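Text of protein_12.cif, listed as mmCIF, C-alpha atoms and all ligand atoms:
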```
data_start
loop_
_atom_site.label_atom_id
_atom_site.label_comp_id
_atom_site.auth_asym_id
_atom_site.auth_seq_id
_atom_site.Cartn_x
_atom_site.Cartn_y
_atom_site.Cartn_z
CA MET A 1 -47.91 46.36 129.75
CA ARG A 2 -45.38 49.09 130.30
CA GLU A 3 -46.29 51.59 132.97
CA PHE A 4 -46.13 55.23 132.03
CA LYS A 5 -45.27 57.63 134.82
CA LYS A 6 -45.45 61.38 134.96
CA SER A 7 -42.25 63.25 134.17
CA SER A 8 -40.01 63.62 137.19
CA LYS A 9 -39.74 67.33 136.30
CA LEU A 10 -43.33 67.70 137.47
CA ASP A 11 -42.28 66.83 141.01
CA TYR A 12 -40.67 70.25 141.18
CA VAL A 13 -43.70 72.08 139.86
CA CYS A 14 -45.96 73.57 142.48
CA TYR A 15 -49.40 72.14 141.95
CA ASP A 16 -50.88 73.43 145.18
CA ILE A 17 -53.62 75.25 143.32
CA ARG A 18 -54.80 71.92 141.91
CA GLY A 19 -53.91 69.87 144.98
CA PRO A 20 -55.78 68.48 148.00
CA VAL A 21 -58.05 71.50 148.53
CA MET A 22 -59.36 71.30 144.96
CA ASP A 23 -59.67 67.52 145.26
CA GLU A 24 -61.71 67.90 148.43
CA ALA A 25 -63.95 70.54 146.82
CA ASN A 26 -64.58 68.24 143.87
CA ARG A 27 -65.37 65.37 146.23
CA MET A 28 -67.84 67.56 148.14
CA ILE A 29 -69.48 68.77 144.92
CA ALA A 30 -69.85 65.16 143.70
CA HIS A 31 -71.43 64.43 147.06
CA GLY A 32 -74.06 67.13 146.41
CA ASP A 33 -72.61 69.97 148.49
CA GLU A 34 -72.85 73.51 147.22
CA ILE A 35 -69.51 75.31 147.32
CA LEU A 36 -68.99 79.08 147.08
CA LYS A 37 -66.02 79.44 144.78
CA LEU A 38 -63.76 82.37 145.57
CA ASN A 39 -60.82 80.75 143.85
CA ILE A 40 -61.05 81.25 140.09
CA GLY A 41 -60.06 84.30 138.06
CA ASN A 42 -62.55 83.46 135.32
CA PRO A 43 -65.19 86.20 134.92
CA ALA A 44 -67.73 84.28 132.76
CA PRO A 45 -69.31 82.05 135.45
CA PHE A 46 -70.05 85.15 137.55
CA GLY A 47 -72.27 86.81 134.95
CA PHE A 48 -69.62 88.95 133.26
CA ARG A 49 -70.34 88.93 129.54
CA ALA A 50 -68.02 89.65 126.63
CA PRO A 51 -68.73 92.90 124.75
CA ASP A 52 -71.24 92.24 121.92
CA ASN A 53 -68.94 93.55 119.20
CA ILE A 54 -66.29 90.98 120.15
CA VAL A 55 -68.72 88.08 119.90
CA GLU A 56 -70.10 89.43 116.61
CA THR A 57 -66.60 89.89 115.18
CA MET A 58 -65.72 86.32 116.07
CA LYS A 59 -68.92 85.03 114.41
CA ARG A 60 -68.36 87.12 111.29
CA ASN A 61 -64.80 85.91 110.87
CA LEU A 62 -65.37 82.21 111.47
CA THR A 63 -65.56 81.20 107.83
CA MET A 64 -62.51 83.30 106.92
CA THR A 65 -60.29 81.89 109.64
CA GLU A 66 -60.41 78.19 108.94
CA GLY A 67 -56.78 77.73 107.99
CA TYR A 68 -53.52 78.11 109.89
CA SER A 69 -52.17 81.65 110.08
CA ASP A 70 -48.56 82.77 110.11
CA SER A 71 -47.08 81.16 113.23
CA LYS A 72 -46.83 84.57 114.94
CA GLY A 73 -50.39 85.43 113.99
CA LEU A 74 -52.54 87.38 111.54
CA VAL A 75 -50.81 90.54 110.35
CA LYS A 76 -53.89 92.69 111.07
CA SER A 77 -53.99 91.47 114.66
CA ARG A 78 -50.30 92.04 115.16
CA GLU A 79 -50.63 95.53 113.66
CA ALA A 80 -53.32 96.30 116.24
CA ILE A 81 -50.98 95.06 118.99
CA VAL A 82 -48.16 97.26 117.64
CA GLU A 83 -50.55 100.23 117.79
CA TYR A 84 -51.44 99.32 121.36
CA CYS A 85 -47.74 99.22 122.24
CA GLU A 86 -47.36 102.69 120.75
CA LYS A 87 -50.16 103.94 122.99
CA LYS A 88 -48.30 102.52 125.95
CA ASN A 89 -44.97 103.98 124.84
CA ILE A 90 -43.39 100.55 124.43
CA PRO A 91 -40.47 101.30 122.09
CA ASN A 92 -39.18 99.59 118.96
CA VAL A 93 -41.98 97.11 118.26
CA THR A 94 -42.83 95.97 114.72
CA VAL A 95 -45.23 93.22 113.63
CA ASP A 96 -42.24 90.87 113.59
CA ASP A 97 -41.81 91.38 117.34
CA VAL A 98 -45.35 90.28 118.16
CA TYR A 99 -46.35 86.65 118.82
CA THR A 100 -49.98 85.75 119.36
CA GLY A 101 -50.79 82.76 121.53
CA ASN A 102 -53.57 80.64 122.97
CA GLY A 103 -53.67 82.95 125.96
CA ALA A 104 -50.61 84.58 127.50
CA SER A 105 -50.10 81.24 129.28
CA GLU A 106 -48.86 79.44 126.17
CA LEU A 107 -46.37 82.22 125.46
CA ILE A 108 -45.07 82.33 129.04
CA THR A 109 -44.13 78.67 128.73
CA LEU A 110 -42.70 79.23 125.27
CA ALA A 111 -40.58 82.19 126.41
CA MET A 112 -39.08 80.18 129.27
CA ASN A 113 -38.46 77.11 127.10
CA GLY A 114 -36.65 79.24 124.55
CA LEU A 115 -34.33 80.85 127.10
CA LEU A 116 -33.45 78.57 129.95
CA ASP A 117 -30.86 75.84 130.11
CA ASN A 118 -30.58 73.49 133.04
CA GLY A 119 -29.59 75.39 136.15
CA ASP A 120 -30.28 78.89 134.81
CA GLU A 121 -32.05 81.09 137.31
CA MET A 122 -35.07 83.32 136.88
CA LEU A 123 -36.21 85.83 139.48
CA VAL A 124 -39.93 85.32 140.09
CA PRO A 125 -42.08 87.23 142.60
CA ALA A 126 -43.44 85.71 145.79
CA PRO A 127 -46.37 85.65 145.83
CA ASP A 128 -46.54 84.79 142.13
CA TYR A 129 -49.00 83.63 139.52
CA PRO A 130 -47.85 80.01 139.77
CA LEU A 131 -47.63 79.37 136.05
CA TRP A 132 -44.41 81.39 136.09
CA THR A 133 -42.65 79.14 138.58
CA ALA A 134 -43.99 76.07 136.80
CA SER A 135 -42.81 77.29 133.39
CA VAL A 136 -39.33 78.15 134.65
CA THR A 137 -39.07 74.75 136.31
CA LEU A 138 -40.34 72.75 133.34
CA ALA A 139 -37.86 74.58 131.11
CA GLY A 140 -35.08 73.22 133.34
CA GLY A 141 -34.46 76.51 135.14
CA LYS A 142 -34.63 77.42 138.78
CA ALA A 143 -37.23 79.90 140.00
CA VAL A 144 -35.65 82.11 142.64
CA HIS A 145 -38.41 83.92 144.49
CA TYR A 146 -38.04 87.55 145.49
CA ILE A 147 -40.32 89.02 148.11
CA CYS A 148 -43.08 91.49 147.42
CA ASP A 149 -43.51 93.53 150.56
CA GLU A 150 -46.96 93.76 152.12
CA GLN A 151 -45.82 96.71 154.27
CA SER A 152 -45.12 98.64 151.06
CA ASP A 153 -48.40 97.95 149.28
CA TRP A 154 -46.98 94.64 148.01
CA TYR A 155 -44.33 96.32 145.85
CA PRO A 156 -41.25 94.23 144.98
CA ASP A 157 -38.50 94.44 147.60
CA LEU A 158 -35.59 95.84 145.59
CA ALA A 159 -32.93 94.90 148.13
CA ASP A 160 -34.21 91.32 148.22
CA ILE A 161 -34.13 91.15 144.42
CA GLU A 162 -30.55 92.40 144.27
CA SER A 163 -29.39 90.01 147.00
CA LYS A 164 -30.69 87.06 144.96
CA ILE A 165 -28.98 87.86 141.66
CA THR A 166 -26.17 85.43 140.77
CA ASP A 167 -24.10 84.81 137.66
CA LYS A 168 -26.75 82.26 136.66
CA THR A 169 -29.62 84.77 136.71
CA LYS A 170 -31.02 85.27 133.21
CA GLY A 171 -34.00 87.46 133.87
CA ILE A 172 -36.59 88.91 136.17
CA VAL A 173 -40.34 88.41 136.03
CA ILE A 174 -42.66 91.17 137.15
CA ILE A 175 -46.41 90.72 137.34
CA ASN A 176 -47.94 94.19 137.17
CA PRO A 177 -50.79 94.60 138.00
CA ASN A 178 -50.34 91.65 140.25
CA ASN A 179 -52.17 88.42 140.78
CA PRO A 180 -52.67 87.55 143.67
CA THR A 181 -52.16 90.89 145.47
CA GLY A 182 -53.95 93.35 143.16
CA ALA A 183 -50.94 95.71 143.43
CA LEU A 184 -50.12 98.27 140.75
CA TYR A 185 -46.47 99.36 140.65
CA PRO A 186 -45.58 103.06 140.53
CA LYS A 187 -43.04 104.51 138.13
CA ASP A 188 -40.21 104.82 140.65
CA VAL A 189 -40.42 101.11 141.57
CA LEU A 190 -40.39 100.17 137.88
CA GLU A 191 -37.45 102.47 137.24
CA ARG A 192 -35.48 100.83 140.02
CA ILE A 193 -36.21 97.35 138.65
CA ALA A 194 -35.12 98.57 135.21
CA GLU A 195 -31.91 99.86 136.78
CA LEU A 196 -31.18 96.43 138.28
CA ALA A 197 -31.83 94.78 134.90
CA ARG A 198 -29.29 97.15 133.34
CA LYS A 199 -26.71 96.67 136.07
CA TYR A 200 -26.85 92.86 135.97
CA ASP A 201 -27.71 92.36 132.29
CA LEU A 202 -31.11 90.72 132.83
CA ILE A 203 -34.07 90.35 130.49
CA VAL A 204 -37.28 91.72 131.98
CA PHE A 205 -40.40 89.58 131.53
CA ALA A 206 -43.46 91.72 132.26
CA ASP A 207 -46.82 90.01 132.71
CA GLU A 208 -49.33 92.82 132.13
CA ILE A 209 -52.51 90.83 131.53
CA TYR A 210 -54.39 93.12 133.97
CA ASP A 211 -53.11 96.45 132.63
CA ARG A 212 -56.61 97.58 131.57
CA LEU A 213 -58.19 96.63 134.90
CA VAL A 214 -56.88 99.50 136.99
CA MET A 215 -59.06 101.44 139.47
CA ASP A 216 -59.12 104.80 141.27
CA GLY A 217 -58.07 106.83 138.23
CA LYS A 218 -54.57 105.34 138.32
CA GLU A 219 -52.54 104.70 135.21
CA HIS A 220 -50.66 101.55 134.32
CA ILE A 221 -47.07 102.05 133.19
CA SER A 222 -45.39 99.34 131.12
CA ILE A 223 -41.88 98.74 132.37
CA ALA A 224 -40.85 98.26 128.73
CA SER A 225 -41.62 101.96 128.15
CA LEU A 226 -38.80 102.82 130.56
CA MET A 227 -36.27 100.50 128.92
CA PRO A 228 -35.59 101.40 125.28
CA ASP A 229 -31.98 100.32 125.87
CA ARG A 230 -32.79 96.71 126.92
CA MET A 231 -34.93 93.93 125.58
CA CYS A 232 -38.19 93.46 127.43
CA VAL A 233 -40.74 90.75 126.83
CA THR A 234 -44.26 91.93 127.64
CA PHE A 235 -47.26 89.61 127.93
CA ASN A 236 -50.86 90.65 127.55
CA GLY A 237 -54.21 89.37 126.32
CA LEU A 238 -57.96 89.70 126.27
CA SER A 239 -58.97 87.07 128.86
CA LYS A 240 -59.57 89.60 131.60
CA SER A 241 -60.03 93.04 130.00
CA HIS A 242 -62.57 91.77 127.47
CA LEU A 243 -63.94 88.94 129.60
CA ILE A 244 -63.15 86.24 127.05
CA ALA A 245 -60.87 83.95 129.01
CA GLY A 246 -62.27 80.95 127.14
CA TYR A 247 -61.40 82.34 123.70
CA ARG A 248 -57.69 82.11 124.61
CA ALA A 249 -56.42 85.40 123.15
CA GLY A 250 -52.97 86.44 124.27
CA TRP A 251 -49.77 87.95 122.93
CA MET A 252 -46.12 88.53 123.67
CA VAL A 253 -44.11 91.49 122.45
CA LEU A 254 -40.34 91.97 122.21
CA SER A 255 -39.32 95.60 122.62
CA GLY A 256 -36.29 97.83 123.09
CA ASP A 257 -32.76 96.94 122.05
CA LYS A 258 -32.74 93.41 120.62
CA SER A 259 -29.27 93.56 119.12
CA HIS A 260 -27.81 90.95 121.49
CA MET A 261 -30.84 88.67 121.41
CA LYS A 262 -30.59 87.07 117.97
CA GLY A 263 -30.09 83.55 119.33
CA TYR A 264 -32.97 83.83 121.76
CA ILE A 265 -35.27 85.28 119.10
CA GLU A 266 -34.37 82.42 116.73
CA GLY A 267 -35.38 80.01 119.49
CA LEU A 268 -38.68 81.81 120.03
CA ASN A 269 -39.43 81.73 116.31
CA LEU A 270 -38.68 78.02 116.18
CA LEU A 271 -40.90 77.23 119.16
CA SER A 272 -43.64 79.47 117.81
CA SER A 273 -43.66 77.66 114.47
CA MET A 274 -43.59 74.23 116.16
CA ARG A 275 -47.07 74.88 117.55
CA LEU A 276 -48.12 76.10 114.08
CA CYS A 277 -50.17 79.09 115.28
CA ALA A 278 -52.66 80.30 117.87
CA ASN A 279 -56.42 79.88 117.44
CA VAL A 280 -57.13 81.95 114.31
CA PRO A 281 -60.82 82.91 114.87
CA THR A 282 -59.73 84.27 118.24
CA GLN A 283 -56.89 86.26 116.72
CA SER A 284 -59.44 87.92 114.46
CA VAL A 285 -61.11 89.72 117.39
CA ILE A 286 -57.89 91.37 118.59
CA PRO A 287 -58.15 94.53 116.39
CA ALA A 288 -61.79 95.13 117.41
CA ALA A 289 -60.90 94.59 121.08
CA LEU A 290 -57.92 96.92 121.02
CA HIS A 291 -59.95 99.63 119.32
CA ASP A 292 -62.44 99.38 122.16
CA LEU A 293 -60.31 99.97 125.22
CA ASP A 294 -63.16 101.48 127.20
CA SER A 295 -65.27 98.34 127.49
CA ALA A 296 -63.86 97.42 130.92
CA LYS A 297 -63.98 100.98 132.29
CA GLU A 298 -67.58 100.87 133.47
CA MET A 299 -67.08 97.90 135.81
CA LEU A 300 -63.96 99.53 137.29
CA ALA A 301 -65.50 102.94 138.08
CA PRO A 302 -67.54 103.75 141.22
CA GLY A 303 -70.93 102.06 140.80
CA GLY A 304 -69.36 99.37 138.58
CA ARG A 305 -69.31 95.75 139.68
CA VAL A 306 -65.59 95.17 140.12
CA TYR A 307 -65.11 98.50 141.91
CA GLU A 308 -68.04 97.99 144.32
CA GLN A 309 -67.07 94.37 144.99
CA ARG A 310 -63.51 95.49 145.74
CA GLU A 311 -64.78 98.12 148.18
CA TYR A 312 -67.02 95.58 149.87
CA ILE A 313 -64.48 92.77 150.21
CA TYR A 314 -61.70 95.08 151.40
CA ASN A 315 -63.86 96.53 154.18
CA ALA A 316 -65.47 93.23 155.13
CA LEU A 317 -62.12 91.43 155.48
CA ASN A 318 -60.55 94.18 157.54
CA ASP A 319 -63.61 94.07 159.77
CA ILE A 320 -62.82 90.49 160.84
CA PRO A 321 -60.68 90.41 164.01
CA GLY A 322 -57.31 88.83 163.14
CA ILE A 323 -57.58 89.48 159.39
CA SER A 324 -56.01 92.37 157.52
CA ALA A 325 -55.70 93.16 153.83
CA VAL A 326 -54.01 95.75 151.65
CA LYS A 327 -56.44 97.47 149.29
CA PRO A 328 -56.03 96.14 145.72
CA GLN A 329 -55.62 98.80 143.04
CA ALA A 330 -56.22 96.59 140.02
CA ALA A 331 -57.51 93.22 138.79
CA PHE A 332 -59.98 91.30 140.99
CA TYR A 333 -57.88 89.62 143.66
CA ILE A 334 -57.15 90.34 147.29
CA PHE A 335 -54.51 88.58 149.40
CA PRO A 336 -55.47 88.86 153.09
CA LYS A 337 -53.23 88.09 156.02
CA MET A 338 -54.25 85.92 158.98
CA ASP A 339 -52.93 86.51 162.46
CA VAL A 340 -51.20 83.13 162.85
CA LYS A 341 -50.71 83.58 166.59
CA LYS A 342 -54.35 84.35 167.26
CA PHE A 343 -55.58 81.39 165.21
CA HIS A 344 -52.61 79.08 166.00
CA ILE A 345 -52.10 78.57 162.28
CA PHE A 346 -49.09 76.51 161.20
CA ASP A 347 -50.30 75.29 157.78
CA ASP A 348 -52.19 77.48 155.30
CA GLU A 349 -53.30 74.54 153.18
CA LYS A 350 -54.88 72.99 156.27
CA PHE A 351 -56.63 76.32 156.89
CA ALA A 352 -58.10 76.26 153.34
CA LEU A 353 -59.23 72.65 153.85
CA ASP A 354 -60.73 73.32 157.29
CA PHE A 355 -62.55 76.38 155.96
CA LEU A 356 -63.83 74.47 152.94
CA ARG A 357 -65.15 71.55 154.98
CA GLU A 358 -66.64 73.77 157.66
CA LYS A 359 -68.10 76.62 155.62
CA HIS A 360 -68.23 75.24 152.07
CA ILE A 361 -66.15 78.09 150.65
CA LEU A 362 -63.18 77.59 148.38
CA VAL A 363 -60.22 79.96 148.68
CA THR A 364 -56.60 79.41 147.64
CA HIS A 365 -53.96 79.23 150.35
CA GLY A 366 -50.89 81.48 150.05
CA GLY A 367 -48.57 78.52 149.41
CA GLY A 368 -50.33 78.05 146.07
CA PHE A 369 -48.61 81.31 145.06
CA HIS A 370 -45.20 80.32 146.46
CA TRP A 371 -45.73 82.42 149.56
CA GLU A 372 -43.70 80.66 152.23
CA GLU A 373 -45.31 81.80 155.47
CA PRO A 374 -48.58 80.04 156.34
CA ASP A 375 -50.36 83.35 156.86
CA HIS A 376 -52.14 84.33 153.63
CA PHE A 377 -54.87 83.24 151.27
CA ARG A 378 -56.33 84.65 148.09
CA ILE A 379 -59.89 85.67 147.40
CA VAL A 380 -61.20 86.30 143.89
CA TYR A 381 -63.89 88.92 144.34
CA LEU A 382 -65.69 88.32 141.03
CA PRO A 383 -68.90 86.83 142.56
CA ASP A 384 -71.71 89.36 143.07
CA ILE A 385 -72.11 91.32 146.30
CA ASP A 386 -74.84 89.02 147.68
CA THR A 387 -72.52 86.02 147.32
CA LEU A 388 -69.58 87.93 148.78
CA GLU A 389 -71.73 89.04 151.72
CA GLU A 390 -72.72 85.47 152.44
CA ALA A 391 -69.09 84.34 152.14
CA MET A 392 -67.89 87.07 154.51
CA ARG A 393 -70.62 86.27 157.03
CA ARG A 394 -69.43 82.65 157.12
CA MET A 395 -65.77 83.66 157.19
CA LYS A 396 -66.28 86.04 160.10
CA ASP A 397 -68.02 83.31 162.00
CA PHE A 398 -65.27 80.79 161.20
CA PHE A 399 -62.53 83.07 162.48
CA SER A 400 -64.48 83.73 165.67
CA TYR A 401 -63.69 80.19 166.83
CA TYR A 402 -60.90 78.83 164.59
CA ASN A 403 -57.89 77.42 166.40
CA GLN A 404 -55.91 75.35 163.96
CA GLU A 405 -54.05 73.32 166.57
CA GLU A 406 -57.30 72.07 168.06
CA PHE A 407 -59.36 71.86 164.87
CA HIS A 408 -60.13 68.45 163.38
N1 LIG B 501 -50.86 85.99 133.94
C1 LIG B 501 -51.53 86.22 135.08
C2 LIG B 501 -50.90 87.09 136.13
C3 LIG B 501 -52.78 85.66 135.31
O1 LIG B 501 -53.43 85.90 136.44
C4 LIG B 501 -53.35 84.85 134.29
C5 LIG B 501 -54.66 84.19 134.49
O2 LIG B 501 -55.26 84.21 135.54
C6 LIG B 501 -52.62 84.63 133.12
C7 LIG B 501 -51.38 85.23 132.97
C8 LIG B 501 -53.14 83.76 132.03
O3 LIG B 501 -53.76 84.50 131.05
P1 LIG B 501 -54.33 83.87 129.72
O4 LIG B 501 -55.78 83.62 129.92
O5 LIG B 501 -54.08 84.93 128.68
O6 LIG B 501 -53.58 82.62 129.43
#
```
Give the structure from the file, written as structure tokens.
Ligand code: PLP
Amino acid sequence: MREFKKSSKLDYVCYDIRGPVMDEANRMIAHGDEILKLNIGNPAPFGFRAPDNIVETMKRNLTMTEGYSDSKGLVKSREAIVEYCEKKNIPNVTVDDVYTGNGASELITLAMNGLLDNGDEMLVPAPDYPLWTASVTLAGGKAVHYICDEQSDWYPDLADIESKITDKTKGIVIINPNNPTGALYPKDVLERIAELARKYDLIVFADEIYDRLVMDGKEHISIASLMPDRMCVTFNGLSKSHLIAGYRAGWMVLSGDKSHMKGYIEGLNLLSSMRLCANVPTQSVIPAALHDLDSAKEMLAPGGRVYEQREYIYNALNDIPGISAVKPQAAFYIFPKMDVKKFHIFDDEKFALDFLREKHILVTHGGGFHWEEPDHFRIVYLPDIDTLEEAMRRMKDFFSYYNQEEFH
């Protein structure tokens, strides 16, 4: 029989997040080991429950949402998204500019497939949410990583971005608030990115899936609100803000001046209709969710779970000799730095494996986010404080003796 192999394109996709560390964790679990998982940005397993009205709305609509919808989505849902854009000052958005998807993920892939030809370049942050690099690569493009600077609260390094723009660069991706760093970008940084997009004629792709998970009284600013004169593509969804990652509710919005984008928009419409439509029962909860923007606020305020867990993990990590971390301002991730000299670290994936085997805790090494130096890892601080305390106790102990060169 003929042998079917995986596409050679996949060789260029970074699968570190699913690679040997995950395989080892699965092997250990099958063997009966209990693993503390600090690696998944999925609130449900950690006791976070969807707001009741969302679940009720889904139930109520089930019998009315049995057929396909318009390929971009139900008009009522897209109207609610347009209203949300108005609240965020995202200009020039009508229902025709809104595409609903099975999570933002599906639309990220779709947006890259519609734009990129072989060899086209896309500026993607390092560290990134790795789906972006994968989607650019699978579309035939080249992900060119620009540095986010830990010294400046993980904001994008504008000079590095500019130095990497070529005549093949089609666009720039910004993930704000950021996974994996938890950074929230201030207006002046966004304005300077917008300026670069103008100067070099780039489309801005803004992944804002965490825009409602901001702490410390800060406000999220959509970069699209600063760019009425350019087309921006903004991604958002309910996976995180409404704790329904499994429902797969996401959307993509085209805003600003679309006059030169007819060809691209035609491509997006074609790709959107090829997948028929997004899950329709899920689309039906979007209006209720976007009329209830306060549901996440409690967990993000002092006394709330995400806030208190952030405070705990930030202090506990910085209390470990050789570990330092910038305080996250949004989402539920932290991206600590290891002192590679102190621990003789040369390979961050080996660190994650050593730590997993030794302490039965799963974290994701920085390379999984296209971070080149072997000096970072990501923690998802969704587990409750008791679990985080236990994890930090084991981590502190591990780093009291870890020497990677001598560790087997
Ligand atoms: N974008 C970022 C930055 C993410 O962290 C995630 C999920 O973790 C997604 C997009 C995917 O979101 P969705 O569940 O809407 O597909």
- request: Please identify the residues whose atoms come within 7 Å of ligand LIG 501 (chain B), using only C-alpha atoms and all ligand atoms, and report them as a ChimeraX atom specification.
  value: /A:41,102-106,129,175,178-179,207,209,236-239,245,248-250
- prompt: To one decimal place, how far is CA of Asp229 (chain A) from CA of Asp160 (chain A) in Å?
  reply: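 CA of Asp160 (chain A) lies 24.2 Å from CA of Asp229 (chain A).
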- request: Find the spatial neighbours of region 76-83 of chain A, counting only C-alpha atoms, within a cut-off of 12 Å - ignore same-chain residues fewer than 5 positions away - and output them as number ranges by chain.
  value: A: 69-71, 88-101, 234-238, 249-255, 278, 280-293
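Interatomic distance, CA of Pro125 (chain A) to CA of Tyr381 (chain A): 21.9 Å.
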Just need the box for region 313-320 of chain A, edges along x, y and z, holding every atom the file lists for it with 4 Å tacked onto each side, so centre and edge lengths in Å to one decimal, as AutoDock Vina command-line options.
```
--center_x -63.0 --center_y 93.5 --center_z 155.5 --size_x 12.9 --size_y 14.0 --size_z 18.6
```
- prompt: Got a sec: who's within 9 Å of Ile193 (chain A), counting all atoms listed in the file, leaving out chain neighbours fewer than 4 positions off, as a VMD selection string?
  reply: chain A and resid 156 158 161 172 188 to 189 197 to 198 204 223
statement: A straight line from CA of Leu353 (chain A) to CA of Pro20 (chain A) spans 8.0 Å
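Using all atoms listed in the file, the protein and nucleic acid residues lying no more than 8 Å from Ala301 (chain A), apart from those fewer than 3 places from it along its own chain, are Met215, Asp216, Lys297, Glu298, Gly304 and Tyr307 of chain A.
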Please produce an output containing C-alpha atoms for each residue in the selection, written as a compact mmCIF listing (two decimals), in the frame of the given file.
```txt
# COMPACT_ATOMS: atom_id res chain seq x y z
CA MET A 215 -59.06 101.44 139.47
CA ASP A 216 -59.12 104.80 141.27
CA LYS A 297 -63.98 100.98 132.29
CA GLU A 298 -67.58 100.87 133.47
CA GLY A 304 -69.36 99.37 138.58
CA TYR A 307 -65.11 98.50 141.91
```
query: Pick the closest to Lys359 (chain A) from A:Ala391, A:Leu213, A:Ala224, A:Met338: which is it, counting only C-alpha atoms?
result: A:Ala391
- request: Would you mind listing what lies within 7 Å of Phe335 (chain A) as a list in words, with all atoms listed in the file counted and same-chain residues fewer than 3 positions away left out?
  value: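 Result of the neighbour search: Pro180, Thr181, Ala325, His376, Phe377, Arg378 and Ile379 of chain A.
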Would you put the residues from that selection into a file with C-alpha atoms, as a CSV table (one decimal), in the frame of the given file?
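Printed below is again-v2.csv as written:
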```csv
chain,number,residue,atom,x,y,z
A,180,PRO,CA,-52.7,87.6,143.7
A,181,THR,CA,-52.2,90.9,145.5
A,325,ALA,CA,-55.7,93.2,153.8
A,376,HIS,CA,-52.1,84.3,153.6
A,377,PHE,CA,-54.9,83.2,151.3
A,378,ARG,CA,-56.3,84.6,148.1
A,379,ILE,CA,-59.9,85.7,147.4
```
